[in-house]
Structure formats: structure tokens, C-alpha cells
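Enquirer: My questions all concern the structure below.
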Amino acid sequence: VEGKELIADDESLAMNGLHLNGQDSLVQALLTDFYQITMCYAHWMNKKSESHAVFDLYFRKNPFQGEYTIFAGLEDCLRFVENFRFSSSDLEYIRHVLPNAEEGFFEYLAALDCKKVRIEAIPEGTVVFPKVPLLIVSGPIGICQLLETTLLNLVNYASLVATNASRFKLAAGGEMQLLEFGLRRAQGPNGGLSASKYCYVGGFDGTSNVLAGKLYGIPVKGTQAHSFICSFSSETDLNIRSIRTVDGKEVDLYELAKEKLSWLMNTINWGVARSELSQGELASFVAYAIAFPTSFLALIDTYDVLRSGVINFLSVALALHDCGYRSLGVRIDSGDLSYLSKEIRIRFKKVAQADCSLSFVASLTIVASNDINEETIISLNEQKHEINAYGVGTHLVTCQKQPVLGCVYKLVSCDGEPKIKLSQDVSKITIPCKKLCFRVYGKSGNPILDLMTIRGDEDFTHFETDADGNKVEFQSSRTEKYEGSILCRHPFEEGRRCLVSSECQIHRLHRVYWDGELKEKLPTLPEIRSHVISELSKLRSDHKRYLNPTPYKVSVSSILFDFLHDQWLKNAPICQLE
């Protein structure tokens with residue numbers, strides 16, 4: 001479902017706990033930390049709730065020991081802001097937890113919405129880097145403070161799992177099909193839905209999650225479990241044996257499969273006695289093939305992959321071929337995946353060589369699952385496997401390698417006054433003021449750094465903007481000292497700096513998505529997915545590699561560097577020694 005408008009009277013979807021646009025109905029005003037409400041009350045009591053504030057939502061470090069992140073969750077944030085209201089039952093509960101609050105505060109909350117809020121954001125699906133704001137939220141401090149926890153919740157996991165999915169895609173290679181099988185291992189139903197949605201955004205091709213398929217239009221994939229195979233003991237468990245061929249004839253598929261099995265055993269040396277083959281497995285394959293003749297893909301490791309499963313599968317696949325249907329392939333869920341995939345491919349090729357009409361068998365799909373992670377895929381690549389698709393679950397949706405992205409939401413300005421948060425850990429010092437953020441592209445067309453500056457910085461007044469208002473080129477802001485280049489500095493390390501040539505392309509990173517109402521048409525999920533693929537294709541390979549990736553530069557202008565360090569010194573206490 002790609003609907004973008006909320007339909008409040010759709011009772012069937014409301015009963016599922018979901019809006020039509022796929023947003024979880026639990027995402028509401030009260031989904032926040034208690035201290036957000038207490039701070040809001042304190043601001044209201046101090047008559048400061050309408051003070052104009054600017055918050056940056058960003059992260060400090062890329063996940064998974066990598067050097068890039070995929071920004072995801074923006075639409076969920078905008079839908080939350082669009083529908084932000086406190087219900088009457090919400091207000092009653094807040095009265096319960098704040099029994100001494102003045103009645104005027106509840107009148108304030110009852111009327112509260114996001115009409116005065118402005119949200120600038122990087123487009124969803126963009127490759128992003130530490131310190132650069134993903135969202136810039138501005139408006140009355142009371143409402144902006146109340147948005148913090150929910151916005152962080154919606155961005156943190158979505159961006160983390162989309163990034164994880166993209167890393168699996170990079171490790172597997174562009175031609176490899178990736179299927180997300182993680183619902184049963186996800187952190188609850190909400191986590192399962194979010195995982196399916198954002199794994200698709202990150203580059204996966206399908207999901208086993210049927211509800212995600214319904215809500216988001218993601219292709220749904222699946223075969224069968226070992227329990228289905230085990231439920232058949234012999235041909236007597238086949239209550240239906242016939243199948244209608246493509247030209248309309250009725251055929252006993254089990255008898256035809258047995259004929260094909262005899263041909264296989266007589267034509268090719270399998271190193272296996274026919275008595276070793278599982279009759280129940282063959283019967284289960286026939287039953288599944290009768291149900292799904294056009295998409296037959298068999299799980300072949302229930303008993304023995306090479307001594308039973310692959311032979312029984314081929315018997316049914318050849319029987320289906322005689323009926324006019326083309327099987328898809330096999331799935332292996334245990335054992336040495338590289339070795340088994342290569343041995344299966346050898347057997348497929350032997351069958352193709354035995355009869356020229358069976359050439360399609362050589363290229364049948366081999367799907368591998370079984371606790372696959374990024375390292376497993378890299379190792380399998382080194383072993384020159386014959387796998388065509390991976391089914392990935394636990395390590396993908398739970399992000400076992402790193403369970404949280406660590407986004408933060410920090411005040412950078414209040415009533416026009418810059419705000420800075422200091423720390424003994426330099427990485428936790430915030431960059432004050434409302435900023436303009438740019439991405440700089442080198443001569444090769446690859447991004448080479450992200451640059452932040454103060455709004456109103458005179459060094460950035462000579463830019464041309466395209467019709468969309470977001471693409472700019474450095475034109476003529478030349479200083480005698482740097483001969484037309486822009487000096488870019490590390491925010492906290494004085495000696496780390498570089499020059500950006502006036503020949504570089506510079507693109508504005510943020511767009512205004514919300515200013516009292518939705519200001520941009522939101523992309524569909526496939527469009528966001530395509531944007532991710534495009535963004536990753538532009539990123540240099542050394543930034544994306546698995547081992548020791550090259551750090552991407554995030555810089556500030558000279559004016560912002562000086563301003564940051566001035567604010568740092570101005571707000572840092574001076575230790576007095578006696």
C-alpha cells in the first residue's frame with residue numbers, strides 16, 4: 001500500500017493497529033519520555049514555551065565500523081508531526097502523573113499542534129555522515145521539546161537497519177538477490193514491520209513478512225519449512241496427485257516424478273542407492289509442486305542435501321517441465337553452504353548435459369539461509385560459491401553487530417542566541433547555531449566532503465540555486481589568500497583542514513519538508529530504495545569497503561570554526577588554582 005493520505009474511518013486497518021499509510025498507530029503524542037512533559041510544563045510555567053528554538057537531530061559515529069550511514073525514517077517523522085495531538089484520554093493520564101500541574105497547562109496541551117514547527121531534512125535514502133544534522137527542527141521550544149523522543153525513535157532504528165541492509169547488499173554484490181526473513185527474530189511486531197520496510201529501502205529484494213507486503217508493497221517471498229517436508233512419510237500422504245498441464249491435460253505428477261527419478265538414477269552416477277532417497281521428501285515436493293507449479297522452489301536439506309534432497313527435487317522439476325512448468329530452484333538451510341552450492345551446481349549441470357532439452361536446469365536458483373551475516377557472505381565470496389540468493393534474518397533485523405545508531409537531538413539556538421553543550425569527551429560537544437549544510441563533489445563526480453557553515457555566512461552568498469532550491473555551485477566568493485578556494489576545517493582539530501576548489505560542485509543538503517504543513521511531495525518506498533542505490537553508487541569504494549574504510553570528511557567553514565571555538569571558550573568554566 002502506497003497511500004499517502006490518512007483515512008480515519010478505515011476501521012479494518014485501525015483494528016490492525018495501523019494507519020493506511022503504514023505508520024504504526026502507537027506513534028502518537030504520548031509516545032515520549034516523561035521528562036519531555038515535565039520540561040514542557042516548566043517552560044510553560046516560566047512563560048517560555050513560545051521561545052523560538054532550533055534543534056539538530058544527528059549521530060556521532062557511523063555504525064558497524066563503517067564510514068557511511070543511510071538516512072531513513074523521514075516520512076514516519078513527518079506523519080507523526082502531521083498528526084500530533086493530545087487526546088482527551090492523554091490529557092487525563094498526564095493529569096494523573098502531574099497531579100499538581102495548573103489547569104492552564106492542560107488547556108495549552110489540548111490546543112497544541114505543529115502548525116508553528118518547521119522541519120528541514122536531508123532527503124530520505126541519502127548517504128549521511130556524523131555531525132551533519134539529519135533534521136533541523138525549529139519552532140516554539142515547548143512543542144519542539146515534546147517531539148524529541150519520538151523523532152529519535154523513528155530515525156534511529158530505521159537508519160540503522162537500512163544501513164545494515166545496504167552493507168549486506170554491498171557484500172553480496174549487485175546481482176545477488178537478498179530476501180529478508182527476520183520477522184520471527186525481530187524485537188516484537190513493530191520491530192518486525194520496521195525491519196521489513198527499511199531492509200527493502202536498504203537494498204533487499206523481498207520479505208517473508210506478509211503484513212509488510214500488504215502495507216508497503218514489498219514483494220513477498222517464501223518456500224517451505226522443514227516441518228512441511230517432515231509431515232510427509234510416503235506417497236500415501238498424497239491425497240492429491242494429479243496436476244493440470246499447461247495444455248489442459250490431467251497428469252499424475254507423483255508417477256511422473258518417479259519416472260523421472262528412474263531416468264536420473266539410470267543416466268547419471270549419483271553415488272547413491274535409490275533406497276537411500278527419502279520417499280516422504282519426494283511426496284512433500286510433489287505436494288508443494290502441485291500447489292505452486294509455476295514457482296516451485298524446494299527446501300532440500302531436511303535429510304541429506306546431496307544423497308536425497310537434490311535428486312528428489314530434480315525428479316519433480318523434470319516432471320513439472322514435462323507438464324509445461326519451469327521450477328525456480330532449491331534452498332539450503334544448513335551445512336557447508338559454499339561446498340553444497342558448488343556440488344548442487346555440478347549436479348544441475350550434469351542433468352543439463354544429459355539432455356539438451358534440459359539446459360535450463362544448469363542455471364536453476366540456489367538460495368542459502370542459516371544464520372547468515374556480513375562476514376559469512378564475504379567468506380562465501382572468497383570460496384567462489386554458486387549461490388544466487390540469500391535469505392537473511394537474525395543478524396539483519398536485530399543488527400547484532402551494533403544494536404543502536406545513537407542519534408541525538410540537541411538545542412543549538414534559543415531566541416536567536418547560540419547554544420552549546422560541552423563535554424570532556426570532545427565528540428559530544430555540540431556545534432552551536434542554525435547551520436547551512438552542503439555536500440561537495442569532486443571532479444570525478446564523487447562526494448568528497450560535507451561542509452557546514454553559519455546561516456548568513458558571507459563566504460556563501462555567491463551561490464546559484466536551481467529551480468528546486470537545493471543544488472548550488474560555488475561561483476565567485478574568492479579571497480586573495482586562498483585564490484578562489486574555500487577553506488574547510490575539522491570542527492575540533494585545528495591542524496586538520498583542506499581547500500575546496502571553486503570548480504567543485506556544491507549541493508545544498510536540506511530541504512524544507514514541513515512548515516506548518518507538508519511542503520514536499522514524499523517519495524514512494526521504491527523511489528527511496530532507488531535513491532539509496534544511486535547514492536551508494538556515487539560514494540567512493542574506499543569509503544564503502546569492509547576493512548579499514550577511509551573516513552569521509554565532515555568539515556566546517558572558517559567562520560563556523562571560529563564561532564564554535566569562541567562559544568566553547570565563552571561557556572567553559574575557568575579552573576582557579578590556589
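In the C-alpha cells, chains take the letters A, B, ... in the order shown, each chain's residues start at 1, and ligands count up from 1 in the order shown.
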Report the residues of range 15-177 of chain A whose backbone DSSP state falls under strand (DSSP E), written as a list in words.
Expert: His52, Ala53, Val54, Phe55, Asp56, Leu57, Tyr58, Thr69, Ile70, Arg118, Ile119, Glu120, Ala121, Val127, Val128, Leu135, Ile136, Val137, Ser138, Gly139, Pro140 and Gln177 of chain A
Enquirer: With N, CA, C and O atoms retained, export the selected residues as a JSON list (two decimals), in the first residue's frame.
Expert:
[["chain", "number", "residue", "atom", "x", "y", "z"],
["A", 52, "HIS", "N", 11.56, 30.81, 20.59],
["A", 52, "HIS", "CA", 11.93, 30.15, 19.35],
["A", 52, "HIS", "C", 13.21, 29.34, 19.53],
["A", 52, "HIS", "O", 14.24, 29.89, 19.92],
["A", 53, "ALA", "N", 13.13, 28.06, 19.26],
["A", 53, "ALA", "CA", 14.26, 27.17, 19.47],
["A", 53, "ALA", "C", 14.62, 26.47, 18.16],
["A", 53, "ALA", "O", 13.78, 26.28, 17.28],
["A", 54, "VAL", "N", 15.90, 26.07, 18.07],
["A", 54, "VAL", "CA", 16.37, 25.27, 16.94],
["A", 54, "VAL", "C", 17.08, 24.04, 17.50],
["A", 54, "VAL", "O", 17.99, 24.17, 18.34],
["A", 55, "PHE", "N", 16.66, 22.86, 17.05],
["A", 55, "PHE", "CA", 17.27, 21.59, 17.47],
["A", 55, "PHE", "C", 17.87, 20.90, 16.25],
["A", 55, "PHE", "O", 17.27, 20.90, 15.17],
["A", 56, "ASP", "N", 19.03, 20.30, 16.43],
["A", 56, "ASP", "CA", 19.64, 19.44, 15.42],
["A", 56, "ASP", "C", 19.49, 17.99, 15.84],
["A", 56, "ASP", "O", 19.79, 17.64, 16.99],
["A", 57, "LEU", "N", 19.03, 17.13, 14.92],
["A", 57, "LEU", "CA", 19.00, 15.69, 15.15],
["A", 57, "LEU", "C", 20.10, 15.09, 14.29],
["A", 57, "LEU", "O", 20.08, 15.22, 13.06],
["A", 58, "TYR", "N", 21.07, 14.44, 14.92],
["A", 58, "TYR", "CA", 22.23, 13.90, 14.20],
["A", 58, "TYR", "C", 22.80, 12.72, 14.97],
["A", 58, "TYR", "O", 22.34, 12.38, 16.07],
["A", 69, "THR", "N", 26.31, 6.04, 6.51],
["A", 69, "THR", "CA", 25.02, 5.66, 7.09],
["A", 69, "THR", "C", 23.94, 6.03, 6.08],
["A", 69, "THR", "O", 24.09, 6.99, 5.32],
["A", 70, "ILE", "N", 22.85, 5.26, 6.04],
["A", 70, "ILE", "CA", 21.70, 5.58, 5.21],
["A", 70, "ILE", "C", 20.64, 6.25, 6.09],
["A", 70, "ILE", "O", 20.23, 5.69, 7.11],
["A", 118, "ARG", "N", 8.83, 24.07, 12.03],
["A", 118, "ARG", "CA", 9.47, 23.98, 10.72],
["A", 118, "ARG", "C", 10.50, 22.85, 10.78],
["A", 118, "ARG", "O", 11.29, 22.78, 11.72],
["A", 119, "ILE", "N", 10.48, 21.97, 9.79],
["A", 119, "ILE", "CA", 11.44, 20.87, 9.74],
["A", 119, "ILE", "C", 12.16, 20.90, 8.40],
["A", 119, "ILE", "O", 11.54, 20.79, 7.34],
["A", 120, "GLU", "N", 13.48, 21.07, 8.48],
["A", 120, "GLU", "CA", 14.33, 20.91, 7.31],
["A", 120, "GLU", "C", 15.03, 19.56, 7.45],
["A", 120, "GLU", "O", 15.47, 19.19, 8.54],
["A", 121, "ALA", "N", 15.13, 18.85, 6.35],
["A", 121, "ALA", "CA", 15.69, 17.50, 6.43],
["A", 121, "ALA", "C", 16.46, 17.15, 5.16],
["A", 121, "ALA", "O", 16.22, 17.71, 4.08],
["A", 127, "VAL", "N", 22.86, 9.02, 1.62],
["A", 127, "VAL", "CA", 24.02, 8.63, 2.43],
["A", 127, "VAL", "C", 24.41, 9.82, 3.30],
["A", 127, "VAL", "O", 24.57, 10.94, 2.79],
["A", 128, "VAL", "N", 24.55, 9.60, 4.59],
["A", 128, "VAL", "CA", 24.82, 10.69, 5.53],
["A", 128, "VAL", "C", 26.00, 10.33, 6.43],
["A", 128, "VAL", "O", 26.42, 9.16, 6.50],
["A", 135, "LEU", "N", 17.86, 16.13, 10.64],
["A", 135, "LEU", "CA", 16.70, 17.02, 10.76],
["A", 135, "LEU", "C", 17.12, 18.28, 11.47],
["A", 135, "LEU", "O", 17.89, 18.24, 12.44],
["A", 136, "ILE", "N", 16.61, 19.43, 11.02],
["A", 136, "ILE", "CA", 16.72, 20.69, 11.75],
["A", 136, "ILE", "C", 15.30, 21.09, 12.11],
["A", 136, "ILE", "O", 14.49, 21.41, 11.23],
["A", 137, "VAL", "N", 14.99, 21.04, 13.40],
["A", 137, "VAL", "CA", 13.63, 21.29, 13.88],
["A", 137, "VAL", "C", 13.61, 22.65, 14.57],
["A", 137, "VAL", "O", 14.37, 22.88, 15.52],
["A", 138, "SER", "N", 12.75, 23.53, 14.11],
["A", 138, "SER", "CA", 12.68, 24.86, 14.72],
["A", 138, "SER", "C", 11.22, 25.25, 14.99],
["A", 138, "SER", "O", 10.31, 24.78, 14.29],
["A", 139, "GLY", "N", 11.03, 26.08, 16.00],
["A", 139, "GLY", "CA", 9.70, 26.50, 16.39],
["A", 139, "GLY", "C", 9.65, 26.77, 17.88],
["A", 139, "GLY", "O", 10.69, 26.86, 18.55],
["A", 140, "PRO", "N", 8.45, 26.90, 18.46],
["A", 140, "PRO", "CA", 8.33, 27.12, 19.91],
["A", 140, "PRO", "C", 8.99, 25.99, 20.69],
["A", 140, "PRO", "O", 8.81, 24.81, 20.37],
["A", 177, "GLN", "N", 20.38, -11.81, -5.24],
["A", 177, "GLN", "CA", 19.06, -11.50, -4.68],
["A", 177, "GLN", "C", 19.11, -11.69, -3.17],
["A", 177, "GLN", "O", 19.62, -12.71, -2.68]]
Enquirer: Could you list, as a list in words, every residue within 8 Å of Phe285 in chain A, counting only C-alpha atoms and ignoring same-chain residues fewer than 3 positions away?
Expert: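 Close residues of Phe285 in chain A: Ile229, Glu281, Leu282, Tyr288, Ala289, Ala298, Asn312, Phe313 and Val316 of chain A.
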Enquirer: Quick one: which range 58-170 of chain A residues come within 10 Å of range 538-561 of chain A, and what is the nearest atom pair for each with the distance in Å to one decimal, counting only C-alpha atoms, rows ordered by chain and ascending number, as a tab-separated table?
Expert:
residue	atom	partner	partner_atom	distance
A:Asn62	CA	A:Pro551	CA	9.8
A:Phe64	CA	A:Tyr546	CA	9.4
A:Gln65	CA	A:Asn548	CA	8.2
A:Gly66	CA	A:Pro549	CA	6.5
A:Glu67	CA	A:Pro551	CA	5.6
A:Tyr68	CA	A:His543	CA	7.2
A:Val127	CA	A:Leu539	CA	8.4
A:Val128	CA	A:Tyr552	CA	9.9
A:Phe129	CA	A:Val554	CA	7.3
A:Pro130	CA	A:Val554	CA	7.4
A:Lys131	CA	A:Val554	CA	7.5
A:Val132	CA	A:Val554	CA	7.6
A:Arg167	CA	A:Lys544	CA	8.3
A:Leu170	CA	A:Lys544	CA	8.1
Enquirer: Grab the residues selected above and save them as a short mmCIF file (atom, residue, chain, number, x, y, z; two decimals), in the first residue's frame with N, CA, C and O atoms.
Expert:
data_model
loop_
_atom_site.label_atom_id
_atom_site.label_comp_id
_atom_site.auth_asym_id
_atom_site.auth_seq_id
_atom_site.Cartn_x
_atom_site.Cartn_y
_atom_site.Cartn_z
N ASN A 62 29.43 6.59 12.64
CA ASN A 62 28.80 5.63 11.73
C ASN A 62 28.75 4.24 12.36
O ASN A 62 29.66 3.86 13.11
N PHE A 64 28.59 -0.08 12.61
CA PHE A 64 29.18 -1.31 12.06
C PHE A 64 30.64 -1.13 11.63
O PHE A 64 31.10 -1.75 10.68
N GLN A 65 31.37 -0.25 12.33
CA GLN A 65 32.77 0.06 11.98
C GLN A 65 32.90 0.54 10.54
O GLN A 65 33.95 0.40 9.91
N GLY A 66 31.81 1.10 10.01
CA GLY A 66 31.82 1.59 8.64
C GLY A 66 32.04 3.09 8.58
O GLY A 66 32.28 3.75 9.60
N GLU A 67 31.93 3.64 7.38
CA GLU A 67 32.14 5.07 7.19
C GLU A 67 31.01 5.75 6.43
O GLU A 67 31.20 6.78 5.81
N TYR A 68 29.82 5.13 6.48
CA TYR A 68 28.64 5.80 5.93
C TYR A 68 27.40 5.29 6.65
O TYR A 68 27.42 4.23 7.31
N VAL A 127 22.86 9.02 1.62
CA VAL A 127 24.02 8.63 2.43
C VAL A 127 24.41 9.82 3.30
O VAL A 127 24.57 10.94 2.79
N VAL A 128 24.55 9.60 4.59
CA VAL A 128 24.82 10.69 5.53
C VAL A 128 26.00 10.33 6.43
O VAL A 128 26.42 9.16 6.50
N PHE A 129 26.48 11.35 7.16
CA PHE A 129 27.71 11.20 7.93
C PHE A 129 27.58 11.89 9.29
O PHE A 129 26.69 12.73 9.49
N PRO A 130 28.45 11.54 10.23
CA PRO A 130 28.35 12.08 11.59
C PRO A 130 28.40 13.60 11.63
O PRO A 130 29.03 14.24 10.78
N LYS A 131 27.72 14.13 12.64
CA LYS A 131 27.70 15.56 12.99
C LYS A 131 26.77 16.38 12.12
O LYS A 131 26.26 17.42 12.55
N VAL A 132 26.53 15.96 10.87
CA VAL A 132 25.65 16.72 9.99
C VAL A 132 24.20 16.47 10.38
O VAL A 132 23.78 15.31 10.44
N ARG A 167 24.79 -2.74 3.66
CA ARG A 167 26.10 -3.39 3.79
C ARG A 167 26.02 -4.85 3.34
O ARG A 167 26.94 -5.36 2.70
N LEU A 170 26.05 -4.67 -0.44
CA LEU A 170 27.39 -4.42 -0.96
C LEU A 170 28.27 -5.67 -0.87
O LEU A 170 29.02 -5.98 -1.80
#
Enquirer: For Ala111 in chain A, find every residue with an atom within 10 Å (counting only C-alpha atoms), except residues of its own chain fewer than 5 positions away, and show them as a PDB file with N, CA and C atoms, in the first residue's frame.
Expert:
ATOM      1  N   ARG A  85      -1.304  15.360  18.216  1.00  0.00           N
ATOM      2  CA  ARG A  85      -2.383  15.889  19.064  1.00  0.00           C
ATOM      3  C   ARG A  85      -2.378  15.124  20.377  1.00  0.00           C
ATOM      4  N   PHE A  86      -2.759  15.773  21.436  1.00  0.00           N
ATOM      5  CA  PHE A  86      -3.037  15.067  22.689  1.00  0.00           C
ATOM      6  C   PHE A  86      -4.536  14.800  22.754  1.00  0.00           C
ATOM      7  N   PHE A 106      -2.952  22.165  30.880  1.00  0.00           N
ATOM      8  CA  PHE A 106      -3.701  21.163  30.118  1.00  0.00           C
ATOM      9  C   PHE A 106      -4.490  21.817  28.984  1.00  0.00           C
TER      10      PHE A 106
END
Enquirer: Could you list, as a VMD selection string, every residue within 10 Å of Glu82 in chain A, counting only C-alpha atoms and ignoring same-chain residues fewer than 6 positions away?
Expert: chain A and resid 76 113 to 115 514 516 to 518
Enquirer: Residues of the last selection are to be written out with C-alpha atoms, as a JSON list (two decimals), in the first residue's frame.
Expert:
[["chain", "number", "residue", "atom", "x", "y", "z"],
["A", 76, "ASP", "CA", 7.39, 8.42, 9.63],
["A", 113, "ASP", "CA", -0.11, 21.03, 17.33],
["A", 114, "CYS", "CA", 2.80, 21.50, 14.94],
["A", 115, "LYS", "CA", 1.47, 24.46, 12.94],
["A", 514, "TRP", "CA", 7.36, 20.82, 6.99],
["A", 516, "GLY", "CA", 3.07, 24.21, 9.48],
["A", 517, "GLU", "CA", 2.08, 21.76, 6.78],
["A", 518, "LEU", "CA", 3.73, 19.29, 4.42]]
Enquirer: Could you pull out the residues in range 134-185 of chain A that DSSP calls alpha helix (DSSP H) from the backbone, as a compact mmCIF listing (two decimals) with N, CA and C atoms, in the first residue's frame?
Expert:
# COMPACT_ATOMS: atom_id res chain seq x y z
N ILE A 141 9.75 26.34 21.70
CA ILE A 141 10.53 25.33 22.41
C ILE A 141 9.65 24.29 23.09
N GLY A 142 8.45 24.67 23.52
CA GLY A 142 7.58 23.71 24.19
C GLY A 142 7.24 22.52 23.30
N ILE A 143 6.75 22.78 22.09
CA ILE A 143 6.38 21.70 21.19
C ILE A 143 7.62 21.00 20.63
N CYS A 144 8.68 21.75 20.31
CA CYS A 144 9.89 21.13 19.77
C CYS A 144 10.51 20.16 20.77
N GLN A 145 10.43 20.50 22.06
CA GLN A 145 10.97 19.60 23.08
C GLN A 145 10.14 18.31 23.16
N LEU A 146 8.84 18.44 23.00
CA LEU A 146 7.97 17.26 23.08
C LEU A 146 8.18 16.29 21.90
N LEU A 147 8.71 16.79 20.79
CA LEU A 147 8.92 15.94 19.62
C LEU A 147 10.17 15.07 19.73
N GLU A 148 11.10 15.41 20.63
CA GLU A 148 12.43 14.81 20.65
C GLU A 148 12.44 13.28 20.65
N THR A 149 11.86 12.69 21.67
CA THR A 149 11.97 11.23 21.86
C THR A 149 11.39 10.47 20.68
N THR A 150 10.23 10.89 20.20
CA THR A 150 9.58 10.17 19.11
C THR A 150 10.37 10.28 17.82
N LEU A 151 10.88 11.48 17.53
CA LEU A 151 11.69 11.64 16.32
C LEU A 151 12.94 10.76 16.38
N LEU A 152 13.58 10.72 17.53
CA LEU A 152 14.76 9.87 17.69
C LEU A 152 14.40 8.40 17.50
N ASN A 153 13.28 8.00 18.08
CA ASN A 153 12.84 6.61 17.95
C ASN A 153 12.59 6.24 16.49
N LEU A 154 12.01 7.16 15.73
CA LEU A 154 11.65 6.87 14.35
C LEU A 154 12.86 6.88 13.42
N VAL A 155 13.89 7.64 13.75
CA VAL A 155 15.07 7.74 12.89
C VAL A 155 16.13 6.70 13.24
N ASN A 156 16.33 6.46 14.54
CA ASN A 156 17.45 5.61 14.98
C ASN A 156 17.43 4.23 14.36
N TYR A 157 16.36 3.47 14.58
CA TYR A 157 16.34 2.09 14.10
C TYR A 157 16.19 2.03 12.59
N ALA A 158 15.35 2.90 12.03
CA ALA A 158 15.16 2.89 10.58
C ALA A 158 16.48 3.10 9.85
N SER A 159 17.26 4.06 10.29
CA SER A 159 18.55 4.35 9.65
C SER A 159 19.55 3.23 9.90
N LEU A 160 19.52 2.66 11.11
CA LEU A 160 20.45 1.58 11.45
C LEU A 160 20.21 0.35 10.58
N VAL A 161 18.96 -0.09 10.49
CA VAL A 161 18.67 -1.33 9.77
C VAL A 161 18.77 -1.12 8.25
N ALA A 162 18.45 0.07 7.76
CA ALA A 162 18.65 0.36 6.33
C ALA A 162 20.13 0.32 5.99
N THR A 163 20.96 0.86 6.88
CA THR A 163 22.41 0.82 6.68
C THR A 163 22.92 -0.61 6.71
N ASN A 164 22.42 -1.39 7.66
CA ASN A 164 22.83 -2.79 7.76
C ASN A 164 22.47 -3.55 6.48
N ALA A 165 21.25 -3.32 6.00
CA ALA A 165 20.81 -3.98 4.76
C ALA A 165 21.70 -3.58 3.58
N SER A 166 22.06 -2.32 3.51
CA SER A 166 22.90 -1.86 2.40
C SER A 166 24.29 -2.50 2.45
N ARG A 167 24.79 -2.74 3.66
CA ARG A 167 26.10 -3.39 3.79
C ARG A 167 26.02 -4.85 3.34
N PHE A 168 24.93 -5.53 3.66
CA PHE A 168 24.72 -6.89 3.16
C PHE A 168 24.69 -6.88 1.63
N LYS A 169 24.01 -5.88 1.07
CA LYS A 169 23.90 -5.79 -0.39
C LYS A 169 25.26 -5.55 -1.02
N LEU A 170 26.05 -4.67 -0.44
CA LEU A 170 27.39 -4.42 -0.96
C LEU A 170 28.27 -5.67 -0.87
N ALA A 171 28.17 -6.38 0.26
CA ALA A 171 28.97 -7.60 0.43
C ALA A 171 28.57 -8.67 -0.57
N ALA A 172 27.27 -8.81 -0.81
CA ALA A 172 26.77 -9.87 -1.69
C ALA A 172 27.00 -9.56 -3.17
Enquirer: Figure out the distance between CA of Pro189 in chain A and CA of Ser89 in chain A, please, to one decimal in Å.
Expert: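 We find that CA of Ser89 in chain A and CA of Pro189 in chain A lie 24.7 Å from each other.
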Enquirer: For CA of Lys519 in chain A and CA of His507 in chain A, quote the distance in Å rounded to one decimal.
Expert: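 Rounded to one decimal, the two atoms are 19.7 Å apart.
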Enquirer: Go through A:Leu328, A:Ile372, A:Ile94, A:Ala283 one by one, measure the shortest atom-to-atom distance of each to Thr236 in chain A using only C-alpha atoms, and give the residue with the smallest value.
Expert: A:Ala283
Enquirer: For CA of Tyr441 in chain A and CA of Cys504 in chain A, determine how far apart the two atoms are, in Å to one decimal place.
Expert: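 About the pair CA of Tyr441 in chain A and CA of Cys504 in chain A: they are 5.7 Å apart.
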